[in-house]
Amino acid sequence: VMETEPWKGKSNVIDDEDSPAVYVSWEDAQKLIEKLNADAGGGFRLPTEAEWERACRAGSNTAYCFGDDPGKPSLLGTDDGENLAAYAWYSENIWGKYARVVGQKKPNAWGLHDMHGNVHEWGQDWDGKDDYGTTPENNPTSTSTTSTARVVRGGSWRNGPGHCRSASRNGYLPLARGCHLGFRVVLVGEPMTPH
């Protein structure tokens, strides 16, 4: 869409068209969304932090979409059970230091892949650590005036199990780029057909 490949020539990247777009900043994601909205008539944006977590949990109230215990990856390389290795690429089951092709692990109950690992995903909100006490309970959004960072959710291939929990969060400056940073776009309503 943007006719760019910011990961080209960078370290810790596998060049595969089905790999997540990495080395993409929050501001880069906003430019893509602006173009998508211009082309499709609107409706695209990054998820709020609360939306992202709800999608990751997929109706669960446990640490991970499948339960509270991350378990251990199989020594045989098969992870068919209900453990983190069956759902996510993370530090304990990565051989080679890069994000993996999307959709190779089990989806959560809502059919979403790679929510617990592979790459951190940019969210729309500021990384306002104390915002939840002052925002609405239903879909709270950060309007922090003190934070200079944007929130990222989900673990990455570089993280251990604790950082891959549904509630795990972090923040980076909006211009930050890295081999572990990506995003997922949400569509709110139906885009209008441009005339």
# chains A, B, ... in the order shown; residues from 1 in each chain; ligands from 1
$ select_by_dssp --residues "stretch 17-173 of chain A" --states "strand (DSSP E)" --output "PyMOL selection string"
chain A and resi 44-45+120-126+150-153+169-172
$ residues_around --residues "A:Gly59" --least-positions-apart "6" --cutoff "9 Å" --atoms "only C-alpha atoms" --output "list in words"
Cys65, Ala109 and Trp110 of chain A
$ residues_around --residues "A:Tyr90" --least-positions-apart "4" --cutoff "7 Å" --atoms "only C-alpha atoms" --output "PDB file with all heavy atoms, in the first residue's frame"
ATOM      1  N   ILE A  94      11.753 -19.852  19.931  1.00  0.00           N
ATOM      2  CA  ILE A  94      12.311 -19.226  18.726  1.00  0.00           C
ATOM      3  C   ILE A  94      13.705 -19.784  18.465  1.00  0.00           C
ATOM      4  O   ILE A  94      14.551 -19.782  19.331  1.00  0.00           O
ATOM      5  CB  ILE A  94      12.389 -17.688  18.888  1.00  0.00           C
ATOM      6  CG1 ILE A  94      11.010 -17.076  18.765  1.00  0.00           C
ATOM      7  CG2 ILE A  94      13.349 -17.069  17.909  1.00  0.00           C
ATOM      8  CD1 ILE A  94      10.441 -17.001  17.381  1.00  0.00           C
ATOM      9  N   GLY A 117       2.275 -13.185  20.979  1.00  0.00           N
ATOM     10  CA  GLY A 117       3.701 -13.119  20.656  1.00  0.00           C
ATOM     11  C   GLY A 117       3.943 -12.723  19.218  1.00  0.00           C
ATOM     12  O   GLY A 117       3.069 -12.194  18.553  1.00  0.00           O
ATOM     13  N   ASN A 118       5.108 -12.980  18.743  1.00  0.00           N
ATOM     14  CA  ASN A 118       5.631 -12.669  17.417  1.00  0.00           C
ATOM     15  C   ASN A 118       6.116 -11.220  17.365  1.00  0.00           C
ATOM     16  O   ASN A 118       7.309 -10.994  17.319  1.00  0.00           O
ATOM     17  CB  ASN A 118       4.645 -12.990  16.304  1.00  0.00           C
ATOM     18  CG  ASN A 118       5.352 -13.438  15.031  1.00  0.00           C
ATOM     19  OD1 ASN A 118       6.532 -13.778  15.048  1.00  0.00           O
ATOM     20  ND2 ASN A 118       4.641 -13.460  13.925  1.00  0.00           N
ATOM     21  N   SER A 156       6.557 -10.209  22.136  1.00  0.00           N
ATOM     22  CA  SER A 156       7.236 -10.388  20.856  1.00  0.00           C
ATOM     23  C   SER A 156       8.099 -11.641  20.930  1.00  0.00           C
ATOM     24  O   SER A 156       8.219 -12.268  21.984  1.00  0.00           O
ATOM     25  CB  SER A 156       8.097  -9.173  20.519  1.00  0.00           C
ATOM     26  OG  SER A 156       9.341  -9.208  21.213  1.00  0.00           O
ATOM     27  N   TRP A 157       8.723 -11.973  19.833  1.00  0.00           N
ATOM     28  CA  TRP A 157       9.596 -13.139  19.780  1.00  0.00           C
ATOM     29  C   TRP A 157      10.774 -13.001  20.736  1.00  0.00           C
ATOM     30  O   TRP A 157      11.399 -13.991  21.096  1.00  0.00           O
ATOM     31  CB  TRP A 157      10.069 -13.383  18.348  1.00  0.00           C
ATOM     32  CG  TRP A 157      10.829 -12.237  17.731  1.00  0.00           C
ATOM     33  CD1 TRP A 157      10.310 -11.237  16.966  1.00  0.00           C
ATOM     34  CD2 TRP A 157      12.227 -11.983  17.815  1.00  0.00           C
ATOM     35  NE1 TRP A 157      11.297 -10.372  16.572  1.00  0.00           N
ATOM     36  CE2 TRP A 157      12.497 -10.803  17.075  1.00  0.00           C
ATOM     37  CE3 TRP A 157      13.296 -12.631  18.435  1.00  0.00           C
ATOM     38  CZ2 TRP A 157      13.769 -10.265  16.949  1.00  0.00           C
ATOM     39  CZ3 TRP A 157      14.570 -12.091  18.314  1.00  0.00           C
ATOM     40  CH2 TRP A 157      14.800 -10.928  17.576  1.00  0.00           C
ATOM     41  N   ARG A 158      11.055 -11.809  21.193  1.00  0.00           N
ATOM     42  CA  ARG A 158      12.176 -11.587  22.107  1.00  0.00           C
ATOM     43  C   ARG A 158      11.793 -11.725  23.572  1.00  0.00           C
ATOM     44  O   ARG A 158      12.651 -11.717  24.436  1.00  0.00           O
ATOM     45  CB  ARG A 158      12.754 -10.174  21.892  1.00  0.00           C
ATOM     46  CG  ARG A 158      13.234  -9.940  20.498  1.00  0.00           C
ATOM     47  CD  ARG A 158      13.885  -8.615  20.239  1.00  0.00           C
ATOM     48  NE  ARG A 158      13.541  -7.536  21.134  1.00  0.00           N
ATOM     49  CZ  ARG A 158      14.182  -6.386  21.187  1.00  0.00           C
ATOM     50  NH1 ARG A 158      15.207  -6.165  20.390  1.00  0.00           N
ATOM     51  NH2 ARG A 158      13.808  -5.445  22.002  1.00  0.00           N
ATOM     52  N   ASN A 159      10.502 -11.840  23.881  1.00  0.00           N
ATOM     53  CA  ASN A 159      10.020 -11.815  25.264  1.00  0.00           C
ATOM     54  C   ASN A 159       9.774 -13.197  25.848  1.00  0.00           C
ATOM     55  O   ASN A 159       9.415 -14.122  25.134  1.00  0.00           O
ATOM     56  CB  ASN A 159       8.717 -11.021  25.356  1.00  0.00           C
ATOM     57  CG  ASN A 159       8.900  -9.574  24.996  1.00  0.00           C
ATOM     58  OD1 ASN A 159       8.279  -9.108  24.060  1.00  0.00           O
ATOM     59  ND2 ASN A 159       9.744  -8.865  25.709  1.00  0.00           N
ATOM     60  N   GLY A 160       9.886 -13.255  27.187  1.00  0.00           N
ATOM     61  CA  GLY A 160       9.516 -14.453  27.920  1.00  0.00           C
ATOM     62  C   GLY A 160       8.015 -14.499  28.131  1.00  0.00           C
ATOM     63  O   GLY A 160       7.285 -13.556  27.801  1.00  0.00           O
TER      64      GLY A 160
END
$ residues_around --residues "A:Ala21" --least-positions-apart "2" --cutoff "8 Å" --atoms "only C-alpha atoms" --output "PyMOL selection string"
chain A and resi 7+19+23-24+182-183
$ write_last_selection --atoms "N, CA, C and O atoms" --output "compact mmCIF listing (two decimals), in the first residue's frame"
# COMPACT_ATOMS: atom_id res chain seq x y z
N TRP A 7 11.76 -2.74 6.54
CA TRP A 7 12.55 -3.82 7.13
C TRP A 7 13.69 -4.27 6.21
O TRP A 7 14.58 -4.98 6.65
N SER A 19 5.31 -12.42 6.46
CA SER A 19 5.84 -12.03 7.77
C SER A 19 5.23 -10.70 8.18
O SER A 19 4.81 -9.91 7.33
N TYR A 23 9.89 -2.87 11.88
CA TYR A 23 10.60 -1.60 11.71
C TYR A 23 9.62 -0.52 11.24
O TYR A 23 9.94 0.34 10.44
N VAL A 24 8.41 -0.61 11.76
CA VAL A 24 7.36 0.36 11.45
C VAL A 24 7.03 1.13 12.73
O VAL A 24 6.69 0.53 13.74
N GLY A 182 5.38 -4.10 15.38
CA GLY A 182 4.47 -4.14 14.24
C GLY A 182 3.13 -3.57 14.66
O GLY A 182 3.04 -2.83 15.63
N PHE A 183 2.08 -3.91 13.95
CA PHE A 183 0.75 -3.40 14.29
C PHE A 183 -0.31 -4.22 13.59
O PHE A 183 -0.02 -4.99 12.69
$ residues_around --residues "A:Ser168" --least-positions-apart "3" --cutoff "12 Å" --atoms "only C-alpha atoms" --output "PyMOL selection string"
chain A and resi 49-50+52-53+56-57+63-64+115-117+120-121+151-156+159-165+171
$ write_last_selection --atoms "C-alpha atoms" --output "PDB file, in the first residue's frame"
ATOM      1  CA  GLU A  49      -5.596  -0.604  24.286  1.00  0.00           C
ATOM      2  CA  ALA A  50      -8.857  -1.984  25.715  1.00  0.00           C
ATOM      3  CA  TRP A  52      -6.670  -4.987  21.756  1.00  0.00           C
ATOM      4  CA  GLU A  53      -6.821  -6.736  25.138  1.00  0.00           C
ATOM      5  CA  CYS A  56      -6.461 -11.060  22.742  1.00  0.00           C
ATOM      6  CA  ARG A  57      -8.504 -12.550  25.584  1.00  0.00           C
ATOM      7  CA  ALA A  63      -3.542 -14.659  31.839  1.00  0.00           C
ATOM      8  CA  TYR A  64      -3.538 -16.126  28.329  1.00  0.00           C
ATOM      9  CA  MET A 115      -1.924 -12.063  19.726  1.00  0.00           C
ATOM     10  CA  HIS A 116       0.396 -13.314  22.510  1.00  0.00           C
ATOM     11  CA  GLY A 117       3.701 -13.119  20.656  1.00  0.00           C
ATOM     12  CA  HIS A 120       4.565  -6.083  19.809  1.00  0.00           C
ATOM     13  CA  GLU A 121       1.587  -4.279  18.282  1.00  0.00           C
ATOM     14  CA  VAL A 151       1.247   1.902  23.991  1.00  0.00           C
ATOM     15  CA  VAL A 152       2.272  -1.438  22.494  1.00  0.00           C
ATOM     16  CA  ARG A 153       0.499  -4.649  23.417  1.00  0.00           C
ATOM     17  CA  GLY A 154       1.302  -8.343  23.139  1.00  0.00           C
ATOM     18  CA  GLY A 155       4.656  -9.966  23.561  1.00  0.00           C
ATOM     19  CA  SER A 156       7.236 -10.388  20.856  1.00  0.00           C
ATOM     20  CA  ASN A 159      10.020 -11.815  25.264  1.00  0.00           C
ATOM     21  CA  GLY A 160       9.516 -14.453  27.920  1.00  0.00           C
ATOM     22  CA  PRO A 161       6.069 -15.783  28.886  1.00  0.00           C
ATOM     23  CA  GLY A 162       5.304 -13.038  31.435  1.00  0.00           C
ATOM     24  CA  HIS A 163       5.476 -10.357  28.750  1.00  0.00           C
ATOM     25  CA  CYS A 164       3.126 -12.327  26.481  1.00  0.00           C
ATOM     26  CA  ARG A 165       0.129 -12.256  28.866  1.00  0.00           C
ATOM     27  CA  GLY A 171       5.265   1.898  25.575  1.00  0.00           C
TER      28      GLY A 171
END
$ select_by_dssp --residues "chain A" --states "helix (DSSP H, G or I)" --output "mmCIF file with N, CA and C atoms, in the first residue's frame"
data_model
loop_
_atom_site.group_PDB
_atom_site.id
_atom_site.type_symbol
_atom_site.label_atom_id
_atom_site.label_comp_id
_atom_site.auth_asym_id
_atom_site.auth_seq_id
_atom_site.Cartn_x
_atom_site.Cartn_y
_atom_site.Cartn_z
ATOM 1 N N TRP A 26 4.935 4.032 15.113
ATOM 2 C CA TRP A 26 3.528 4.398 15.311
ATOM 3 C C TRP A 26 3.127 5.424 14.253
ATOM 4 N N GLU A 27 4.018 6.365 13.976
ATOM 5 C CA GLU A 27 3.710 7.395 12.973
ATOM 6 C C GLU A 27 3.611 6.793 11.572
ATOM 7 N N ASP A 28 4.449 5.789 11.261
ATOM 8 C CA ASP A 28 4.319 5.079 9.979
ATOM 9 C C ASP A 28 2.954 4.409 9.872
ATOM 10 N N ALA A 29 2.518 3.774 10.957
ATOM 11 C CA ALA A 29 1.210 3.117 10.967
ATOM 12 C C ALA A 29 0.097 4.126 10.725
ATOM 13 N N GLN A 30 0.223 5.312 11.300
ATOM 14 C CA GLN A 30 -0.788 6.347 11.102
ATOM 15 C C GLN A 30 -0.853 6.796 9.638
ATOM 16 N N LYS A 31 0.296 6.864 8.972
ATOM 17 C CA LYS A 31 0.318 7.245 7.554
ATOM 18 C C LYS A 31 -0.363 6.184 6.694
ATOM 19 N N LEU A 32 -0.134 4.910 7.018
ATOM 20 C CA LEU A 32 -0.809 3.835 6.299
ATOM 21 C C LEU A 32 -2.317 3.935 6.497
ATOM 22 N N ILE A 33 -2.733 4.147 7.732
ATOM 23 C CA ILE A 33 -4.164 4.239 8.040
ATOM 24 C C ILE A 33 -4.791 5.432 7.322
ATOM 25 N N GLU A 34 -4.085 6.529 7.271
ATOM 26 C CA GLU A 34 -4.577 7.706 6.548
ATOM 27 C C GLU A 34 -4.808 7.364 5.073
ATOM 28 N N LYS A 35 -3.870 6.636 4.476
ATOM 29 C CA LYS A 35 -4.012 6.247 3.072
ATOM 30 C C LYS A 35 -5.159 5.252 2.891
ATOM 31 N N LEU A 36 -5.255 4.256 3.781
ATOM 32 C CA LEU A 36 -6.371 3.305 3.700
ATOM 33 C C LEU A 36 -7.711 4.025 3.788
ATOM 34 N N ASN A 37 -7.809 4.973 4.708
ATOM 35 C CA ASN A 37 -9.069 5.706 4.875
ATOM 36 C C ASN A 37 -9.385 6.568 3.661
ATOM 37 N N ALA A 38 -8.366 7.158 3.053
ATOM 38 C CA ALA A 38 -8.595 7.956 1.844
ATOM 39 C C ALA A 38 -9.056 7.074 0.684
ATOM 40 N N ASP A 39 -8.450 5.896 0.561
ATOM 41 C CA ASP A 39 -8.786 4.987 -0.533
ATOM 42 C C ASP A 39 -10.132 4.298 -0.337
ATOM 43 N N ALA A 40 -10.488 3.994 0.925
ATOM 44 C CA ALA A 40 -11.691 3.192 1.190
ATOM 45 C C ALA A 40 -12.841 3.984 1.779
ATOM 46 N N GLU A 49 -6.220 0.386 23.418
ATOM 47 C CA GLU A 49 -5.596 -0.604 24.286
ATOM 48 C C GLU A 49 -6.632 -1.603 24.806
ATOM 49 N N ALA A 50 -7.795 -1.107 25.196
ATOM 50 C CA ALA A 50 -8.857 -1.984 25.715
ATOM 51 C C ALA A 50 -9.385 -2.912 24.622
ATOM 52 N N GLU A 51 -9.546 -2.417 23.409
ATOM 53 C CA GLU A 51 -9.994 -3.263 22.303
ATOM 54 C C GLU A 51 -8.989 -4.366 22.020
ATOM 55 N N TRP A 52 -7.708 -3.994 22.030
ATOM 56 C CA TRP A 52 -6.670 -4.987 21.756
ATOM 57 C C TRP A 52 -6.722 -6.100 22.809
ATOM 58 N N GLU A 53 -6.809 -5.727 24.080
ATOM 59 C CA GLU A 53 -6.821 -6.736 25.138
ATOM 60 C C GLU A 53 -8.059 -7.625 25.049
ATOM 61 N N ARG A 54 -9.198 -7.040 24.752
ATOM 62 C CA ARG A 54 -10.425 -7.838 24.611
ATOM 63 C C ARG A 54 -10.271 -8.843 23.477
ATOM 64 N N ALA A 55 -9.699 -8.410 22.363
ATOM 65 C CA ALA A 55 -9.476 -9.306 21.222
ATOM 66 C C ALA A 55 -8.476 -10.401 21.574
ATOM 67 N N CYS A 56 -7.453 -10.073 22.324
ATOM 68 C CA CYS A 56 -6.461 -11.060 22.742
ATOM 69 C C CYS A 56 -7.087 -12.097 23.668
ATOM 70 N N ARG A 57 -7.872 -11.646 24.614
ATOM 71 C CA ARG A 57 -8.504 -12.550 25.584
ATOM 72 C C ARG A 57 -9.558 -13.444 24.930
ATOM 73 N N LEU A 84 1.490 -21.806 25.851
ATOM 74 C CA LEU A 84 1.869 -20.602 25.099
ATOM 75 C C LEU A 84 2.559 -20.942 23.784
ATOM 76 N N ALA A 85 3.381 -21.971 23.782
ATOM 77 C CA ALA A 85 4.100 -22.343 22.562
ATOM 78 C C ALA A 85 3.155 -22.764 21.437
ATOM 79 N N ALA A 86 1.966 -23.220 21.774
ATOM 80 C CA ALA A 86 0.998 -23.588 20.746
ATOM 81 C C ALA A 86 0.353 -22.356 20.106
ATOM 82 N N TYR A 87 0.391 -21.224 20.816
ATOM 83 C CA TYR A 87 -0.284 -20.001 20.363
ATOM 84 C C TYR A 87 0.653 -18.875 19.944
ATOM 85 N N ASP A 131 -4.056 6.273 33.685
ATOM 86 C CA ASP A 131 -5.287 6.707 33.028
ATOM 87 C C ASP A 131 -6.519 5.905 33.404
ATOM 88 N N TYR A 132 -6.374 4.616 33.674
ATOM 89 C CA TYR A 132 -7.546 3.784 33.902
ATOM 90 C C TYR A 132 -8.362 4.235 35.109
ATOM 91 N N GLY A 133 -7.770 4.930 36.028
ATOM 92 C CA GLY A 133 -8.519 5.437 37.174
ATOM 93 C C GLY A 133 -9.391 6.629 36.849
ATOM 94 N N PRO A 161 7.509 -15.586 28.722
ATOM 95 C CA PRO A 161 6.069 -15.783 28.886
ATOM 96 C C PRO A 161 5.345 -14.656 29.626
ATOM 97 N N GLY A 162 5.965 -14.090 30.661
ATOM 98 C CA GLY A 162 5.304 -13.038 31.435
ATOM 99 C C GLY A 162 4.951 -11.818 30.620
ATOM 100 N N HIS A 163 5.738 -11.519 29.602
ATOM 101 C CA HIS A 163 5.476 -10.357 28.750
ATOM 102 C C HIS A 163 4.508 -10.672 27.612
ATOM 103 N N CYS A 164 4.067 -11.922 27.526
ATOM 104 C CA CYS A 164 3.126 -12.327 26.481
ATOM 105 C C CYS A 164 1.699 -12.473 27.003
#
$ atom_distance --atom1 "atom CA of A:Trp89" --atom2 "atom CA of A:Val119"
8.6 Å
$ residues_around --residues "A:Tyr172" --least-positions-apart "4" --cutoff "10 Å" --atoms "only C-alpha atoms" --output "VMD selection string"
chain A and resid 25 to 26 122 126 to 127 148 to 152 176 to 177 181
$ write_last_selection --atoms "all heavy atoms" --output "mmCIF file, in the first residue's frame"
data_model
loop_
_atom_site.group_PDB
_atom_site.id
_atom_site.type_symbol
_atom_site.label_atom_id
_atom_site.label_comp_id
_atom_site.auth_asym_id
_atom_site.auth_seq_id
_atom_site.Cartn_x
_atom_site.Cartn_y
_atom_site.Cartn_z
ATOM 1 N N SER A 25 7.149 2.429 12.680
ATOM 2 C CA SER A 25 6.851 3.261 13.846
ATOM 3 C C SER A 25 5.341 3.489 13.969
ATOM 4 O O SER A 25 4.582 3.207 13.037
ATOM 5 C CB SER A 25 7.567 4.617 13.725
ATOM 6 O OG SER A 25 6.976 5.405 12.700
ATOM 7 N N TRP A 26 4.935 4.032 15.113
ATOM 8 C CA TRP A 26 3.528 4.398 15.311
ATOM 9 C C TRP A 26 3.127 5.424 14.253
ATOM 10 O O TRP A 26 2.044 5.342 13.672
ATOM 11 C CB TRP A 26 3.337 4.962 16.719
ATOM 12 C CG TRP A 26 1.923 5.290 17.058
ATOM 13 C CD1 TRP A 26 0.996 4.455 17.607
ATOM 14 C CD2 TRP A 26 1.258 6.548 16.880
ATOM 15 N NE1 TRP A 26 -0.207 5.118 17.776
ATOM 16 C CE2 TRP A 26 -0.068 6.399 17.335
ATOM 17 C CE3 TRP A 26 1.666 7.782 16.374
ATOM 18 C CZ2 TRP A 26 -0.984 7.447 17.303
ATOM 19 C CZ3 TRP A 26 0.745 8.821 16.336
ATOM 20 C CH2 TRP A 26 -0.567 8.647 16.800
ATOM 21 N N TRP A 122 1.439 -1.906 17.963
ATOM 22 C CA TRP A 122 1.087 -0.534 18.327
ATOM 23 C C TRP A 122 -0.405 -0.419 18.587
ATOM 24 O O TRP A 122 -1.215 -1.005 17.872
ATOM 25 C CB TRP A 122 1.433 0.439 17.196
ATOM 26 C CG TRP A 122 2.899 0.684 16.980
ATOM 27 C CD1 TRP A 122 3.647 0.249 15.933
ATOM 28 C CD2 TRP A 122 3.770 1.454 17.805
ATOM 29 N NE1 TRP A 122 4.941 0.684 16.065
ATOM 30 C CE2 TRP A 122 5.040 1.440 17.206
ATOM 31 C CE3 TRP A 122 3.609 2.161 18.996
ATOM 32 C CZ2 TRP A 122 6.143 2.094 17.748
ATOM 33 C CZ3 TRP A 122 4.698 2.812 19.541
ATOM 34 C CH2 TRP A 122 5.939 2.778 18.923
ATOM 35 N N TRP A 126 -2.048 6.636 24.195
ATOM 36 C CA TRP A 126 -0.807 7.028 24.853
ATOM 37 C C TRP A 126 -0.509 6.005 25.946
ATOM 38 O O TRP A 126 -1.421 5.330 26.441
ATOM 39 C CB TRP A 126 -0.931 8.422 25.484
ATOM 40 C CG TRP A 126 -1.006 9.523 24.473
ATOM 41 C CD1 TRP A 126 -2.128 10.181 24.075
ATOM 42 C CD2 TRP A 126 0.079 10.065 23.727
ATOM 43 N NE1 TRP A 126 -1.809 11.107 23.116
ATOM 44 C CE2 TRP A 126 -0.464 11.063 22.886
ATOM 45 C CE3 TRP A 126 1.446 9.819 23.681
ATOM 46 C CZ2 TRP A 126 0.327 11.813 22.010
ATOM 47 C CZ3 TRP A 126 2.240 10.563 22.815
ATOM 48 C CH2 TRP A 126 1.674 11.541 21.996
ATOM 49 N N ASP A 127 0.726 5.887 26.337
ATOM 50 C CA ASP A 127 1.114 4.973 27.406
ATOM 51 C C ASP A 127 0.948 5.681 28.750
ATOM 52 O O ASP A 127 1.911 5.932 29.460
ATOM 53 C CB ASP A 127 2.563 4.503 27.205
ATOM 54 C CG ASP A 127 2.987 3.484 28.245
ATOM 55 O OD1 ASP A 127 2.117 2.793 28.786
ATOM 56 O OD2 ASP A 127 4.208 3.393 28.509
ATOM 57 N N THR A 148 4.967 10.609 26.713
ATOM 58 C CA THR A 148 5.473 10.867 25.364
ATOM 59 C C THR A 148 5.519 9.574 24.559
ATOM 60 O O THR A 148 5.961 9.572 23.421
ATOM 61 C CB THR A 148 6.876 11.495 25.420
ATOM 62 O OG1 THR A 148 7.736 10.607 26.134
ATOM 63 C CG2 THR A 148 6.849 12.866 26.078
ATOM 64 N N ALA A 149 5.058 8.471 25.163
ATOM 65 C CA ALA A 149 5.111 7.160 24.520
ATOM 66 C C ALA A 149 3.713 6.706 24.115
ATOM 67 O O ALA A 149 2.724 7.061 24.743
ATOM 68 C CB ALA A 149 5.734 6.140 25.466
ATOM 69 N N ARG A 150 3.656 5.898 23.074
ATOM 70 C CA ARG A 150 2.426 5.239 22.647
ATOM 71 C C ARG A 150 2.471 3.799 23.132
ATOM 72 O O ARG A 150 3.534 3.185 23.226
ATOM 73 C CB ARG A 150 2.287 5.262 21.120
ATOM 74 C CG ARG A 150 2.007 6.632 20.555
ATOM 75 C CD ARG A 150 0.620 7.096 20.912
ATOM 76 N NE ARG A 150 0.320 8.376 20.291
ATOM 77 C CZ ARG A 150 -0.878 8.906 20.260
ATOM 78 N NH1 ARG A 150 -1.905 8.293 20.816
ATOM 79 N NH2 ARG A 150 -1.078 10.064 19.686
ATOM 80 N N VAL A 151 1.317 3.244 23.432
ATOM 81 C CA VAL A 151 1.247 1.902 23.991
ATOM 82 C C VAL A 151 1.510 0.850 22.917
ATOM 83 O O VAL A 151 1.165 1.045 21.748
ATOM 84 C CB VAL A 151 -0.116 1.668 24.680
ATOM 85 C CG1 VAL A 151 -1.228 1.487 23.661
ATOM 86 C CG2 VAL A 151 -0.056 0.505 25.641
ATOM 87 N N VAL A 152 2.178 -0.230 23.311
ATOM 88 C CA VAL A 152 2.272 -1.438 22.494
ATOM 89 C C VAL A 152 1.757 -2.584 23.345
ATOM 90 O O VAL A 152 1.918 -2.597 24.560
ATOM 91 C CB VAL A 152 3.696 -1.752 21.981
ATOM 92 C CG1 VAL A 152 4.173 -0.682 21.029
ATOM 93 C CG2 VAL A 152 4.676 -1.951 23.109
ATOM 94 N N ALA A 176 9.737 5.294 17.293
ATOM 95 C CA ALA A 176 10.549 4.094 17.505
ATOM 96 C C ALA A 176 10.259 3.053 16.433
ATOM 97 O O ALA A 176 9.126 2.875 15.997
ATOM 98 C CB ALA A 176 10.279 3.520 18.892
ATOM 99 N N ARG A 177 11.326 2.376 16.025
ATOM 100 C CA ARG A 177 11.222 1.278 15.074
ATOM 101 C C ARG A 177 12.072 0.125 15.600
ATOM 102 O O ARG A 177 13.053 0.347 16.266
ATOM 103 C CB ARG A 177 11.746 1.689 13.705
ATOM 104 C CG ARG A 177 10.907 2.709 12.992
ATOM 105 C CD ARG A 177 11.485 2.977 11.592
ATOM 106 N NE ARG A 177 10.614 3.831 10.839
ATOM 107 C CZ ARG A 177 10.686 5.152 10.833
ATOM 108 N NH1 ARG A 177 11.602 5.762 11.546
ATOM 109 N NH2 ARG A 177 9.843 5.861 10.119
ATOM 110 N N LEU A 181 8.637 -4.683 16.515
ATOM 111 C CA LEU A 181 7.495 -3.766 16.540
ATOM 112 C C LEU A 181 6.694 -3.857 15.242
ATOM 113 O O LEU A 181 7.235 -3.689 14.155
ATOM 114 C CB LEU A 181 7.955 -2.320 16.721
ATOM 115 C CG LEU A 181 8.465 -1.918 18.091
ATOM 116 C CD1 LEU A 181 9.058 -0.521 18.058
ATOM 117 C CD2 LEU A 181 7.364 -2.017 19.122
#
$ atom_distance --atom1 "atom CA of A:Leu112" --atom2 "atom CA of A:Arg100"
15.4 Å
$ closest_residue --among "A:Pro70, A:Asp114, A:Val102, A:Asp18" --to "A:Ala88" --atoms "only C-alpha atoms"
A:Asp114
$ closest_residue --among "A:Ala99, A:Gly111, A:Asp69, A:Ala167" --to "A:Ser11" --atoms "only C-alpha atoms"
A:Ala99
$ residues_around --residues "A:Leu46" --least-positions-apart "3" --cutoff "7 Å" --atoms "only C-alpha atoms" --output "list in words"
Gly123, Gln124, Arg184, Val185 and Val186 of chain A
$ closest_residue --among "A:Gly67, A:Gly189, A:Pro6, A:Pro20" --to "A:Val101" --atoms "only C-alpha atoms"
A:Pro20
$ closest_residue --among "A:Thr48, A:Ser147, A:Asn108, A:Asn12" --to "A:Gly96" --atoms "only C-alpha atoms"
A:Asn12
